[in-house]
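Q: Sharing a structure with you now.
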Amino acid sequence: MIAFGGDYNPEQWPEEIWAEDMALMKEAGVTLVTVGVFSWAQVQAGPDDFRFGWLDRVMDLLADSGVAADLATMTASPPPWLTRLHPEILPVRQDGTVLSPGGRQHFSPSSHVYRRYAAELVERLATRYADHPALAMWHIGNEFGCHVSASYDDESAGAFRGWLRDRYGDVEALNDAWSTAFWSQRYTDFEEVLPPRVAATYPNPAQQLDFARFSNDAMLACYQAEAAILRRITPAVRVTTNFLSLLKPVDVHKWSPHTDIAAVDCYPDPADPRSYLWAGLTYDIIRSARGGQPWLLMEHPTSAVNWRQVNVPQRPGQLRVTSLQAVAHGADAVLYFQWRQSRGGAEKFHSGMVPHAGPDSRIFTEVKALGAELAAVPGLAGTRISNEVSLLLDWESWWASELDSRPSALTSQPDALMSCYAPLFERGIGVDVVHPDADLSRYKVVVVPSLYLLRAATASRLADWTRAGGQLVVTFLTGIVDECDRIHLGGYLGPLAPVLGVTVEEHVPLPEGAHVTLAPSGTGTMWSERVILRGATAIGTFSGGDLAGEPAVTRHAFGSGTAWYLATRPDAATMAAVLDPALAAADVRPALGGLPHGVQAARRGPYLILLNHAAQAAEIRLPSPMVNAADGATVSGVALGPFGTAILR
Ligand code: GLA
């Protein structure tokens with residue numbers, strides 16, 4: 001069954017409320033709750049003062065109520081006594097500002113004192129609850145990297161030097177990798193190396209890139225240290241952490257093999273009519289990160305959040321479609337932040353499953369209805385999604401592509417991804433989002449949105465895949481640098497140029513708001529460049545400015561496959577001129593064609609899930625009769641109300 005529930009923070013409430021919590025959870029069909037994410041100060045009042053009594057009672061209540069616990073390791077917010085005793089664990093910003101306690105996530109990932117205290121807490125938690133009947137899963141930390149993803153303190157500087165020694169061996173290799181001949185930056189000893197703190201001007205870009213790698217590894221080491229303790233004491237209990245798929249500092253591809261199940265938090269903005277596209281991308285990243293295995297939607301809102309400029313609530317009925325979208329993308333759990341809306345604290349205006357108004361409310365009514373609906377389709381859980389199209393995403397390339405001092409500060413990795421994801425989504429084509437070095441053999445179309453940092457080995461794998469019959473679609477700002485952020489000489493696109501049959505001689509980024517016109521039709525924004533044909537055919541050209549008549553969109557037959565290149569950020573019609581023939585050549589079809597705008601159809605195992613993201617009703621005709629999972633009726637069409645959904649098989 002799809003698990004249903006949310007973050008449960010009973011420590012925020014008097015104990016008398018807990019019995020009511022259990023009764024309401026039963027009413028809502030809650031099966032899984034995340035407990036203790038921010039409970040460190042509640043279970044440990046001093047170095048040797050552990051107070052687990054209240055948590056014992058919470059865990060017992062959950063077990064008695066048949067609700068499973070995703071028990072957190074509580075290490076995301078060190079308690080005040082700890083930062084008083086050891087202020088050296090506090091993180092330090094690039095400019096030297098020490099971040100005070102009082103918020104959360106105020107620890108330097110490299111702090112050995114923080115890690116020691118965290119390890120002791122985790123050891124005690126694991127030992128105490130190892131055999132507890134409520135324990136279903138471990139939840140390490142919380143949204144690593146969300147507020148603090150790096151620290152520039154002296155201990156981190158030392159750890160960074162150790163990391164560099166491991167990577168480069170000797171300082172001359174580091175000088176070479178960091179191009180330190182530039183601006184008199186040559187090092188004679190690793191001890192001279194610092195984190196890229198605020199400098200007189202742009203710090204060395206390769207140093208910044210390595211510091212992003214190091215900081216990701218430092219956070220991952222915190223996670224792994226906790227995971228090792230949990231696996232030793234409770235080897236049968238799954239371990240996870242809640243990612244934010246599109247959080248730049250955390251390389252989900254590198255982390256997810258160290259989880260037993262992937263989990264993500266997602267907060268679509270009800271004020272943004274296209275937020276379901278970002279949610280879909282988020283979910284496709286997390287599903288793909290563990291090879292298509294079902295995953296957990298660890299947190300999402302029942303209505304408004306508290307952290308946007310204006311916190312618009314979800315509209316009546318919208319909760320169902322935003323929650324079921326995760327299921328349609330492969331989730332085996334629909335969990336909210338949080339069970340009971342807080343009375344005090346920074347998130348008191350953040351919605352919960354039980355709002356301030358109490359259970360006699362629109363939100364709790366919608367929560368209950370969805371709980372019942374999910375319970376009625378037990379067969380959905382565990383089913384998989386199989387896609388024939390993938391997008392490539394490499395966190396290291398993302399880090400490198402957005403360093404300061406570059407051709408255009410307007411380009412961004414999320415924008416490049418979305419510019420390719422949205423047209424596929426709108427065509428009803430399901431996609432996986434994988435690392436460039438993942439096994440691509442199951443895909444017929446591979447889309448490469450701005451893979452700025454390109455390794456020669458990756459390019460050669462993409463060449464083999466295309467030669468064997470793949471349809472490769474590549475967008476601008478690809479193949480610019482190697483893994484040390486050094487330019488591929490001889491024309492941009494570097495080692496991928498032979499596959500695409502073009503090289504790029506010169507970048508011509510466009511000012512904000514400007515566009516270029518294309519021939520035979522269409523426009524491009526953000527970017528243009530001087531493309532030299534080296535075997536490819538121009539299917540679109542720039543039609544104005546200094547690049548008039550030069551290639552903007554190209555196609556190149558390569559072995560049994562085809563490689564397409566886009567030298568600007570294209571409008572929808574120009575994107576169609578590439579995607580439609582590529583999809584057709586690969587015979588990739590949507591789950592269901594001809595859908596009204598805003599309606600999504602997704603296949604998951606034997607199920608077809610229909611989601612109306614729009615506030616207008618929609619009529620869907622099915623190519624052949626299907627069974628409606630809600631009532632067992634055989635139907636040949638479905639009427640979806642505003643934000644309506646249907647699960648068919
Ligand atoms: C994140 C955190 C939660 C909570 C929510 C609010 O996802 O993990 O603790 O702060 O945001 O949206």
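Labeling convention for the structure tokens: chains A, B, ... as they appear, residues from 1 per chain, ligands from 1 in order of appearance.
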Using only C-alpha atoms, find each residue of region 545-626 of chain A with at least one atom at most 12 Å away from an atom of region 636-640 of chain A; report its shortest atom-to-atom pair and that distance in Å (one decimal), sort the rows by chain and rising residue number, and return the result as JSON lines.
A:
{"residue": "A:Leu595", "atom": "CA", "partner": "A:Leu640", "partner_atom": "CA", "distance": 11.7}
{"residue": "A:Pro596", "atom": "CA", "partner": "A:Leu640", "partner_atom": "CA", "distance": 10.9}
{"residue": "A:Gly598", "atom": "CA", "partner": "A:Leu640", "partner_atom": "CA", "distance": 11.4}
{"residue": "A:Val599", "atom": "CA", "partner": "A:Leu640", "partner_atom": "CA", "distance": 9.1}
{"residue": "A:Gln600", "atom": "CA", "partner": "A:Leu640", "partner_atom": "CA", "distance": 11.3}
{"residue": "A:Ala601", "atom": "CA", "partner": "A:Val638", "partner_atom": "CA", "distance": 11.9}
{"residue": "A:Leu608", "atom": "CA", "partner": "A:Val638", "partner_atom": "CA", "distance": 11.8}
{"residue": "A:Ile609", "atom": "CA", "partner": "A:Val638", "partner_atom": "CA", "distance": 11.2}
{"residue": "A:Leu610", "atom": "CA", "partner": "A:Leu640", "partner_atom": "CA", "distance": 8.4}
{"residue": "A:Leu611", "atom": "CA", "partner": "A:Leu640", "partner_atom": "CA", "distance": 8.1}
{"residue": "A:Asn612", "atom": "CA", "partner": "A:Leu640", "partner_atom": "CA", "distance": 6.6}
{"residue": "A:His613", "atom": "CA", "partner": "A:Leu640", "partner_atom": "CA", "distance": 10.1}
{"residue": "A:Ala614", "atom": "CA", "partner": "A:Leu640", "partner_atom": "CA", "distance": 9.9}
{"residue": "A:Ala615", "atom": "CA", "partner": "A:Leu640", "partner_atom": "CA", "distance": 10.2}
{"residue": "A:Gln616", "atom": "CA", "partner": "A:Leu640", "partner_atom": "CA", "distance": 8.7}
{"residue": "A:Ala617", "atom": "CA", "partner": "A:Leu640", "partner_atom": "CA", "distance": 5.6}
{"residue": "A:Ala618", "atom": "CA", "partner": "A:Leu640", "partner_atom": "CA", "distance": 5.1}
{"residue": "A:Glu619", "atom": "CA", "partner": "A:Ala639", "partner_atom": "CA", "distance": 4.6}
{"residue": "A:Ile620", "atom": "CA", "partner": "A:Val638", "partner_atom": "CA", "distance": 5.1}
{"residue": "A:Arg621", "atom": "CA", "partner": "A:Gly637", "partner_atom": "CA", "distance": 4.2}
{"residue": "A:Leu622", "atom": "CA", "partner": "A:Gly637", "partner_atom": "CA", "distance": 5.2}
{"residue": "A:Pro623", "atom": "CA", "partner": "A:Ser636", "partner_atom": "CA", "distance": 7.5}
{"residue": "A:Ser624", "atom": "CA", "partner": "A:Ser636", "partner_atom": "CA", "distance": 6.2}
{"residue": "A:Pro625", "atom": "CA", "partner": "A:Ser636", "partner_atom": "CA", "distance": 4.4}
{"residue": "A:Met626", "atom": "CA", "partner": "A:Ser636", "partner_atom": "CA", "distance": 6.4}
Q: Please write the residues from the selection above to a file, keeping C-alpha atoms, as a PDB file, in the first residue's frame.
A:
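Final output, saved to again-v2.pdb:
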ATOM      1  CA  LEU A 595      -4.814  15.617 -23.807  1.00  0.00           C
ATOM      2  CA  PRO A 596      -6.093  19.093 -22.931  1.00  0.00           C
ATOM      3  CA  GLY A 598      -2.744  20.886 -17.937  1.00  0.00           C
ATOM      4  CA  VAL A 599      -3.846  17.256 -17.987  1.00  0.00           C
ATOM      5  CA  GLN A 600      -1.140  14.692 -17.335  1.00  0.00           C
ATOM      6  CA  ALA A 601      -1.384  10.977 -18.054  1.00  0.00           C
ATOM      7  CA  LEU A 608      -2.864   4.793 -15.979  1.00  0.00           C
ATOM      8  CA  ILE A 609      -3.031   7.832 -13.701  1.00  0.00           C
ATOM      9  CA  LEU A 610      -4.809  10.938 -14.970  1.00  0.00           C
ATOM     10  CA  LEU A 611      -4.121  14.259 -13.295  1.00  0.00           C
ATOM     11  CA  ASN A 612      -5.841  17.518 -14.057  1.00  0.00           C
ATOM     12  CA  HIS A 613      -3.462  20.235 -12.891  1.00  0.00           C
ATOM     13  CA  ALA A 614      -5.811  22.899 -14.224  1.00  0.00           C
ATOM     14  CA  ALA A 615      -8.761  24.607 -12.566  1.00  0.00           C
ATOM     15  CA  GLN A 616     -10.936  23.834 -15.608  1.00  0.00           C
ATOM     16  CA  ALA A 617     -12.821  20.560 -16.024  1.00  0.00           C
ATOM     17  CA  ALA A 618     -11.597  18.194 -18.754  1.00  0.00           C
ATOM     18  CA  GLU A 619     -13.108  15.273 -20.650  1.00  0.00           C
ATOM     19  CA  ILE A 620     -10.717  12.443 -21.465  1.00  0.00           C
ATOM     20  CA  ARG A 621     -11.537   9.668 -23.943  1.00  0.00           C
ATOM     21  CA  LEU A 622      -9.635   6.435 -23.598  1.00  0.00           C
ATOM     22  CA  PRO A 623      -8.461   4.462 -26.636  1.00  0.00           C
ATOM     23  CA  SER A 624      -9.895   1.301 -25.047  1.00  0.00           C
ATOM     24  CA  PRO A 625     -12.032   0.640 -21.950  1.00  0.00           C
ATOM     25  CA  MET A 626     -10.288   0.578 -18.573  1.00  0.00           C
TER      26      MET A 626
END
Q: Mind listing the residues within 8 Å of ligand 1, only C-alpha atoms and all ligand atoms counted, as a list in words?
A: Val37, Phe38, Asn142, Glu143, Asn242, Leu244, Asp265, Cys266, Tyr267, Glu299, His300, Pro301, Val305, Asn306, Trp307, Phe337, Gln338, Glu347 and His350 of chain A
Q: What separation in Å, quoted to one decimal, exists between CA of Ala586 (chain A) and CA of Leu417 (chain A)?
A: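 Between CA of Ala586 (chain A) and CA of Leu417 (chain A) the gap is 21.0 Å.
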Q: Identify, with DSSP run on backbone atoms, the residues in region 458-525 of chain A assigned to strand (DSSP E or B), and express the list as a count of residues only.
A: 22
Q: Counting only C-alpha atoms, which residue out of A:Pro249, A:Gly330, A:Gly594, A:Pro109 sits closest to Ala225 (chain A)?
A: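 Nearest to Ala225 (chain A): A:Pro109.
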Q: Considering only C-alpha atoms, return as a VMD selection string whatever protein or nucleic-acid residues lie within 10 Å of Thr574 (chain A), sequence-local ones (same chain, fewer than 3 positions apart) excluded.
A: chain A and resid 518 to 524 539 to 540 552 to 553 566 568 to 571 577 to 579
